[in-house]
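Undergrad: As input, take data.txt (compact mmCIF, C-alpha atoms):
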# COMPACT_ATOMS: atom_id res chain seq x y z
CA MET V 122 0.00 0.00 0.00
CA VAL V 123 2.91 2.31 -0.52
CA LYS V 124 2.31 3.98 -3.84
CA MET V 125 -1.46 4.39 -3.73
CA PRO V 126 -2.88 7.88 -3.22
CA LYS V 127 -3.52 8.60 0.43
CA PHE V 128 -7.22 9.31 0.11
CA LEU V 129 -7.76 5.95 -1.58
CA ILE V 130 -5.95 4.18 1.20
CA LYS V 131 -8.10 5.96 3.74
CA ILE V 132 -11.27 4.83 2.06
CA LEU V 133 -10.18 1.36 0.99
CA MET V 134 -8.07 0.10 3.83
CA PRO V 135 -10.74 -0.30 6.49
CA VAL V 136 -13.13 -1.90 4.01
CA MET V 137 -10.56 -4.20 2.45
CA SER V 138 -8.94 -5.21 5.67
CA ARG V 139 -12.26 -6.43 6.96
CA LEU V 140 -13.18 -8.20 3.75
CA THR V 141 -9.87 -9.76 2.86
CA PRO V 142 -6.93 -11.44 4.56
CA THR V 143 -3.67 -9.56 5.12
CA CYS V 144 -0.97 -9.22 2.47
CA GLN V 145 1.05 -11.83 4.30
CA VAL V 146 -1.76 -14.37 4.04
CA VAL V 147 -2.60 -13.39 0.48
CA THR V 148 0.95 -13.92 -0.77
CA ARG V 149 0.93 -17.38 0.77
CA LYS V 150 -2.31 -18.16 -1.02
CA VAL V 151 -1.02 -16.73 -4.26
CA SER V 152 1.94 -19.07 -4.03
CA GLN V 153 -0.38 -21.98 -3.31
CA SER V 154 -2.52 -21.08 -6.29
CA MET V 155 0.51 -21.76 -8.48
CA ASP V 156 0.45 -25.38 -7.32
CA GLY V 157 -3.22 -26.21 -7.36
CA PRO V 158 -6.69 -24.68 -7.17
CA LEU V 159 -7.66 -22.72 -4.05
CA SER V 160 -11.00 -23.19 -2.35
CA LEU V 161 -13.77 -20.98 -3.72
CA THR V 162 -13.78 -18.76 -0.63
CA ASP V 163 -10.04 -18.30 -0.80
CA ARG V 164 -10.21 -17.49 -4.47
CA ILE V 165 -12.80 -14.78 -3.88
CA ARG V 166 -10.94 -13.29 -0.94
CA VAL V 167 -7.63 -13.26 -2.81
CA ARG V 168 -9.20 -11.70 -5.93
CA LEU V 169 -10.86 -9.01 -3.81
CA HIS V 170 -7.61 -8.26 -2.10
CA LEU V 171 -5.69 -8.05 -5.38
CA ILE V 172 -8.15 -5.49 -6.73
CA GLY V 173 -7.34 -3.15 -3.89
CA CYS V 174 -3.69 -3.98 -3.30
CA GLU V 175 -1.21 -2.99 -5.98
CA LEU V 176 1.70 -4.63 -4.16
CA CYS V 177 0.15 -8.07 -3.91
CA ALA V 178 -1.04 -7.75 -7.51
CA ARG V 179 2.60 -7.15 -8.45
CA TYR V 180 3.65 -10.10 -6.36
CA GLU V 181 1.31 -12.39 -8.28
CA LYS V 182 2.49 -11.07 -11.63
CA GLN V 183 6.08 -11.57 -10.57
CA LEU V 184 5.57 -15.17 -9.53
CA LEU V 185 4.00 -15.91 -12.90
CA ALA V 186 6.89 -14.19 -14.66
CA MET V 187 9.35 -16.20 -12.58
CA ARG V 188 7.77 -19.39 -13.81
CA LYS V 189 8.38 -18.32 -17.41
CA MET V 190 11.93 -17.36 -16.50
CA LEU V 191 12.55 -20.80 -15.03
CA GLU V 192 11.36 -22.37 -18.25
CA ALA V 193 13.73 -20.21 -20.25
CA HIS V 194 16.51 -20.97 -17.81
CA ALA V 195 16.02 -24.73 -18.12
CA GLN V 196 16.03 -24.50 -21.90
CA GLU V 197 19.13 -22.40 -22.01
CA PHE V 198 20.89 -24.59 -19.50
CA ASP V 199 20.42 -27.49 -21.88
CA GLU V 200 22.18 -25.74 -24.74
CA PRO V 201 25.75 -26.97 -25.18
CA SER V 202 26.69 -23.29 -25.48
CA ALA V 203 25.86 -22.85 -21.79
CA GLY V 204 29.08 -24.76 -21.22
CA VAL V 205 27.73 -27.11 -18.57
CA GLN V 206 29.38 -30.44 -19.25
CA LEU V 207 31.26 -33.27 -17.65
CA SER V 208 34.87 -32.42 -16.95
CA ASP V 209 37.49 -34.44 -18.80
CA ASP V 210 38.47 -36.08 -15.53
CA ALA V 211 34.95 -37.15 -14.73
CA ARG V 212 34.41 -38.39 -18.26
CA LYS V 213 37.51 -40.53 -18.04
CA ARG V 214 36.70 -41.84 -14.60
CA ILE V 215 33.13 -42.77 -15.48
CA LYS V 216 34.28 -44.54 -18.64
CA GLN V 217 36.74 -46.58 -16.62
CA GLU V 218 34.09 -47.48 -14.07
CA LEU V 219 31.71 -48.51 -16.81
CA GLU V 220 34.31 -50.69 -18.42
CA ARG V 221 35.24 -52.29 -15.12
CA ASN V 222 31.60 -53.14 -14.45
CA SER V 223 30.57 -54.14 -17.93
CA PRO V 224 29.55 -57.73 -18.44
CA SER V 225 32.16 -59.20 -20.75
CA MET Z 233 23.96 -33.32 -29.43
CA THR Z 234 23.41 -36.73 -30.85
CA ALA Z 235 19.88 -37.58 -31.77
CA GLU Z 236 18.04 -40.10 -29.69
CA SER Z 237 17.80 -43.41 -31.39
CA LYS Z 238 14.23 -44.46 -31.74
CA THR Z 239 14.88 -47.91 -33.09
CA ASN Z 240 15.17 -50.87 -30.81
CA SER Z 241 18.87 -51.09 -31.37
CA PRO Z 242 20.79 -52.96 -28.71
CA LEU Z 243 22.22 -50.85 -25.91
CA ARG Z 244 25.83 -49.82 -26.24
CA PRO Z 245 27.20 -49.00 -22.78
CA GLN Z 246 30.63 -48.21 -24.22
CA ASP Z 247 29.11 -45.21 -26.00
CA TRP Z 248 26.96 -43.96 -23.14
CA VAL Z 249 29.38 -41.43 -21.70
CA ASP Z 250 29.98 -39.76 -25.06
CA GLN Z 251 26.40 -39.90 -26.20
CA HIS Z 252 24.48 -39.10 -23.05
CA GLY Z 253 27.02 -38.09 -20.42
CA ASP Z 254 26.74 -34.33 -20.85
CA TYR Z 255 22.99 -34.45 -21.19
CA LEU Z 256 22.57 -36.42 -17.98
CA PHE Z 257 25.09 -34.20 -16.24
CA ARG Z 258 23.16 -31.06 -17.16
CA TYR Z 259 19.94 -32.72 -16.09
CA ALA Z 260 21.44 -33.46 -12.69
CA MET Z 261 23.13 -30.08 -12.28
CA LEU Z 262 19.89 -28.27 -12.95
CA ARG Z 263 18.14 -30.26 -10.23
CA LEU Z 264 20.95 -30.45 -7.71
CA ASN Z 265 21.60 -26.76 -7.49
CA ASN Z 266 24.83 -26.96 -9.47
CA ASP Z 267 26.55 -29.37 -7.12
CA ASN Z 268 29.26 -30.53 -9.53
CA GLN Z 269 30.60 -33.39 -7.50
CA LEU Z 270 27.21 -34.81 -6.66
CA ALA Z 271 26.00 -34.50 -10.25
CA GLU Z 272 29.05 -36.43 -11.50
CA ASP Z 273 28.53 -39.11 -8.87
CA LEU Z 274 24.87 -39.59 -9.70
CA VAL Z 275 25.58 -39.75 -13.43
CA GLN Z 276 28.12 -42.48 -12.75
CA GLU Z 277 25.71 -44.32 -10.47
CA THR Z 278 23.08 -44.06 -13.17
CA PHE Z 279 25.29 -45.72 -15.76
CA LEU Z 280 26.30 -48.46 -13.35
CA ALA Z 281 22.69 -49.13 -12.38
CA ALA Z 282 21.79 -49.17 -16.07
CA ILE Z 283 24.39 -51.83 -16.80
CA LYS Z 284 22.93 -54.02 -14.11
CA ALA Z 285 19.44 -53.42 -15.44
CA ILE Z 286 20.26 -54.01 -19.08
CA ALA Z 287 18.26 -57.21 -19.11
CA THR Z 288 15.13 -55.33 -18.08
CA TYR Z 289 15.42 -52.74 -20.85
CA GLN Z 290 12.39 -53.31 -23.01
CA GLY Z 291 13.43 -51.13 -25.87
CA ASN Z 292 10.11 -49.35 -25.89
CA SER Z 293 11.67 -46.10 -24.83
CA ALA Z 294 14.74 -44.48 -26.30
CA GLU Z 295 18.03 -45.23 -24.61
CA ARG Z 296 18.35 -41.67 -23.32
CA THR Z 297 14.82 -41.57 -21.93
CA TRP Z 298 15.52 -44.79 -20.12
CA LEU Z 299 18.75 -43.44 -18.64
CA VAL Z 300 17.03 -40.22 -17.57
CA SER Z 301 14.37 -42.18 -15.71
CA ILE Z 302 17.09 -43.99 -13.78
CA LEU Z 303 18.84 -40.71 -12.99
CA LYS Z 304 15.55 -39.20 -11.83
CA ASN Z 305 15.21 -41.96 -9.27
CA LYS Z 306 18.82 -41.55 -8.19
CA ILE Z 307 18.18 -37.88 -7.46
CA ILE Z 308 15.09 -38.64 -5.38
CA ASP Z 309 16.97 -41.43 -3.58
CA HIS Z 310 19.71 -39.00 -2.79
CA TYR Z 311 17.28 -36.74 -0.95
CA ARG Z 312 15.61 -39.65 0.79
CA ARG Z 313 18.94 -40.83 2.12
CA LYS Z 314 19.58 -37.42 3.63
CA LYS Z 315 18.65 -36.56 7.17
CA SER Z 316 14.98 -37.27 7.57
CA ASN Z 317 14.29 -33.74 8.82
CA LEU Z 318 15.81 -32.04 5.80
CA PHE Z 319 12.40 -31.03 4.55
CA GLU Z 320 10.74 -30.31 7.84
CA GLN Z 321 9.57 -26.74 8.07
CA SER Z 322 8.68 -24.60 11.00
CA ASP Z 323 6.25 -21.77 10.43
CA PHE Z 324 7.44 -19.33 7.86
CA GLN Z 325 8.21 -16.12 9.76
CA ASN Z 326 8.29 -13.96 6.69
CA GLU Z 327 10.34 -10.89 7.47
CA GLU Z 328 8.82 -9.01 4.55
CA PHE Z 329 5.67 -8.22 6.49
CA ILE Z 330 4.85 -6.12 9.52
CA ASN Z 331 4.23 -8.41 12.46
CA GLN Z 332 4.62 -5.97 15.30
CA GLY Z 333 2.68 -2.78 14.91
CA GLU Z 334 0.14 -1.58 12.42
CA PRO Z 335 -1.06 -2.62 9.97
CA ALA Z 336 -0.14 -6.15 10.91
CA GLY Z 337 0.46 -8.46 7.97
CA ALA Z 338 1.04 -5.62 5.49
CA TRP Z 339 4.19 -5.29 3.38
CA LYS Z 340 7.07 -3.52 5.05
CA VAL Z 341 7.99 -0.51 2.92
CA GLU Z 342 11.52 -1.79 2.24
CA PHE Z 343 10.24 -5.18 1.05
CA ALA Z 344 7.26 -3.96 -0.97
CA PRO Z 345 7.34 -5.45 -4.50
CA GLN Z 346 8.65 -2.98 -7.09
CA ASP Z 347 7.18 -2.51 -10.51
CA TRP Z 348 8.94 -5.02 -12.79
CA GLY Z 349 7.30 -3.66 -15.95
CA ASP Z 350 4.79 -5.36 -18.22
CA THR Z 351 6.92 -8.23 -19.46
CA PRO Z 352 9.59 -8.91 -16.88
CA GLU Z 353 10.35 -12.32 -18.39
CA LYS Z 354 11.85 -10.46 -21.38
CA ALA Z 355 14.81 -9.70 -19.14
CA PHE Z 356 15.94 -13.20 -20.00
CA GLU Z 357 17.05 -11.95 -23.39
CA GLN Z 358 19.86 -10.15 -21.62
CA GLN Z 359 22.92 -12.15 -20.75
CA GLU Z 360 23.53 -10.28 -17.49
CA PHE Z 361 20.09 -11.20 -16.28
CA THR Z 362 20.61 -14.88 -17.04
CA PHE Z 363 23.72 -14.70 -14.93
CA ILE Z 364 21.90 -13.07 -12.02
CA PHE Z 365 19.01 -15.51 -12.32
CA ARG Z 366 21.39 -18.45 -12.03
CA LYS Z 367 23.08 -16.88 -9.03
CA CYS Z 368 19.76 -16.30 -7.31
CA LEU Z 369 18.67 -19.89 -7.94
CA ALA Z 370 21.97 -21.22 -6.69
CA ALA Z 371 21.54 -19.17 -3.52
CA LEU Z 372 18.48 -21.20 -2.52
CA PRO Z 373 19.14 -23.58 0.35
CA GLN Z 374 19.37 -27.16 -0.85
CA ASN Z 375 16.08 -28.38 0.59
CA LEU Z 376 14.14 -25.51 -0.97
CA ALA Z 377 15.92 -25.91 -4.29
CA ALA Z 378 15.19 -29.64 -4.42
CA VAL Z 379 11.45 -29.31 -3.97
CA PHE Z 380 11.28 -26.22 -6.15
CA ALA Z 381 13.00 -28.10 -8.99
CA LEU Z 382 10.63 -31.06 -8.73
CA ARG Z 383 7.69 -28.69 -8.90
CA GLU Z 384 8.82 -26.13 -11.46
CA LEU Z 385 11.22 -28.05 -13.70
CA ASP Z 386 9.67 -31.50 -13.62
CA GLY Z 387 6.13 -30.23 -13.19
CA LEU Z 388 5.28 -32.72 -10.45
CA ASP Z 389 2.17 -31.86 -8.48
CA THR Z 390 2.42 -31.41 -4.75
CA ASP Z 391 0.82 -34.79 -3.98
CA THR Z 392 3.50 -36.59 -5.94
CA ILE Z 393 6.26 -34.58 -4.28
CA CYS Z 394 4.85 -35.48 -0.86
CA LYS Z 395 4.94 -39.16 -1.73
CA GLU Z 396 8.33 -39.15 -3.41
CA LEU Z 397 10.07 -37.35 -0.56
CA SER Z 398 7.79 -38.59 2.22
CA ILE Z 399 6.93 -35.13 3.50
CA SER Z 400 3.68 -33.52 4.51
CA ALA Z 401 1.63 -31.33 2.20
CA SER Z 402 1.98 -28.32 4.48
CA ASN Z 403 5.76 -28.67 4.37
CA VAL Z 404 5.65 -28.66 0.61
CA TRP Z 405 3.52 -25.48 0.52
CA VAL Z 406 5.88 -23.72 2.93
CA ILE Z 407 8.98 -24.83 1.05
CA LEU Z 408 7.61 -23.67 -2.30
CA HIS Z 409 6.49 -20.35 -0.86
CA ARG Z 410 9.89 -19.85 0.77
CA ALA Z 411 11.70 -20.64 -2.46
CA ARG Z 412 9.56 -18.19 -4.43
CA THR Z 413 9.91 -15.50 -1.80
CA SER Z 414 13.66 -15.82 -1.78
CA LEU Z 415 14.03 -15.94 -5.56
CA ARG Z 416 11.69 -12.97 -6.02
CA ARG Z 417 13.57 -10.90 -3.50
CA CYS Z 418 16.95 -11.76 -4.97
CA LEU Z 419 15.89 -10.86 -8.52
CA GLU Z 420 14.36 -7.62 -7.33
CA LEU Z 421 17.42 -6.53 -5.39
CA ASN Z 422 19.97 -7.54 -7.99
CA TRP Z 423 18.21 -6.77 -11.19
CA PHE Z 424 14.94 -4.93 -11.20
CA GLU Z 425 15.76 -2.42 -8.51
CA ALA Z 426 19.34 -2.03 -9.65
CA SER Z 427 18.32 -1.32 -13.24
CA GLN Z 428 15.83 1.37 -12.39
Do you think you could lay out the structure here as structure tokens?
TA:
Amino acid sequence: MVKMPKFLIKILMPVMSRLTPTCQVVTRKVSQSMDGPLSLTDRIRVRLHLIGCELCARYEKQLLAMRKMLEAHAQEFDEPSAGVQLSDDARKRIKQELERNSPS
Amino acid sequence: MTAESKTNSPLRPQDWVDQHGDYLFRYAMLRLNNDNQLAEDLVQETFLAAIKAIATYQGNSAERTWLVSILKNKIIDHYRRKKSNLFEQSDFQNEEFINQGEPAGAWKVEFAPQDWGDTPEKAFEQQEFTFIFRKCLAALPQNLAAVFALRELDGLDTDTICKELSISASNVWVILHRARTSLRRCLELNWFEASQ
């Protein structure tokens, strides 16, 4: 509730705080909603809160963006150009182990 | 990378390291929070287990898919072998919110989410961001990172995660929320706030 105009806060805060859970609870629910459906009551309360709370609305948007970032990260990580590969030592060692344990 | 063979060709363990080694290594690194040593060990264990299981290979999945499924189990086993309380969570005392004083449960000014713009995920097109993102992920404690990876990278639902790691649903919710909170904060401090 930092960047909202003061008069809005004065009008909205008492109403919203009685109708909806606190930001702390809402962020927890928002996180949960990324992993499965919330109960109907929770969904309504969270939606109501997000209408009046710019910060929690940002929080939700950011979690969704982070999910997309993780996808991009996983894809990029898989590119050989990312340079993540077995070291020569490890490669050698694993080959030796495989050979030693291979059925002849 | 070499293409996966889709025919039922016989398995060739002598080629595994060259054909699938790097792929499996990356798979493990991504899920083990970049623990080099551990990733190497589990890749090796995977190959050794695969040799023993050669007789059970049905040939109805590609060689690589089969190896990945073994590695997947190795990773889960690794966490199961760990201390049994690794995933136990106390209540999440989130420092980002006011808990003494008014209004209780509201964002503290210094933690309030900043405006990340309309398409924050576009940041990924910048190399510097990719670097910061990796750093922030790597900064997650191991237990958070493990569950977060199962959920976000492997797309497992929370029920499955509970069963695989033998932890309670409420622990999984707390862990995921903690991981997201920490990652969000790290990105904001190191990228979005810094670039404003």
Undergrad: Using all atoms listed in the file, tabulate the residues of chain Z lying at most 6 Å from any atom of chain V, each with its closest atom pair and that distance in Å to one decimal, by chain and increasing residue number, as a tab-separated table.
TA:
residue	atom	partner	partner_atom	distance
Z:Asp254	CA	V:Gln206	CA	5.0
Z:Gln276	CA	V:Ile215	CA	5.7
Z:Gly337	CA	V:Gln145	CA	5.0
Z:Ala338	CA	V:Cys144	CA	5.1
Z:Pro345	CA	V:Leu176	CA	5.7
Z:Glu353	CA	V:Ala186	CA	5.4
Z:His409	CA	V:Ser152	CA	5.7
Undergrad: Between CA of Ala336 (chain Z) and CA of Thr162 (chain V), what is the distance, to one decimal in Å?
TA: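 One can read the CA of Ala336 (chain Z) to CA of Thr162 (chain V) distance as 21.9 Å.
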Undergrad: Between CA of Ser160 (chain V) and CA of Leu408 (chain Z), measure the distance and give it in Å to one decimal.
TA: 18.6 Å
Undergrad: For a cut-off of 12 Å around (22.1, -17.3, -7.3), file coordinates, pick out all residues using only C-alpha atoms and list them as a short mmCIF file (atom, residue, chain, number, x, y, z; two decimals) with C-alpha atoms, in the frame of the given file.
TA:
data_model
loop_
_atom_site.label_atom_id
_atom_site.label_comp_id
_atom_site.auth_asym_id
_atom_site.auth_seq_id
_atom_site.Cartn_x
_atom_site.Cartn_y
_atom_site.Cartn_z
CA ASN Z 265 21.60 -26.76 -7.49
CA ASN Z 266 24.83 -26.96 -9.47
CA PHE Z 361 20.09 -11.20 -16.28
CA THR Z 362 20.61 -14.88 -17.04
CA PHE Z 363 23.72 -14.70 -14.93
CA ILE Z 364 21.90 -13.07 -12.02
CA PHE Z 365 19.01 -15.51 -12.32
CA ARG Z 366 21.39 -18.45 -12.03
CA LYS Z 367 23.08 -16.88 -9.03
CA CYS Z 368 19.76 -16.30 -7.31
CA LEU Z 369 18.67 -19.89 -7.94
CA ALA Z 370 21.97 -21.22 -6.69
CA ALA Z 371 21.54 -19.17 -3.52
CA LEU Z 372 18.48 -21.20 -2.52
CA PRO Z 373 19.14 -23.58 0.35
CA ALA Z 377 15.92 -25.91 -4.29
CA ALA Z 411 11.70 -20.64 -2.46
CA SER Z 414 13.66 -15.82 -1.78
CA LEU Z 415 14.03 -15.94 -5.56
CA ARG Z 416 11.69 -12.97 -6.02
CA ARG Z 417 13.57 -10.90 -3.50
CA CYS Z 418 16.95 -11.76 -4.97
CA LEU Z 419 15.89 -10.86 -8.52
CA LEU Z 421 17.42 -6.53 -5.39
CA ASN Z 422 19.97 -7.54 -7.99
CA TRP Z 423 18.21 -6.77 -11.19
#
Undergrad: Rounded to one decimal, what separation in Å do you get between CA of Arg296 (chain Z) and CA of Asp209 (chain V)?
TA: 21.0 Å
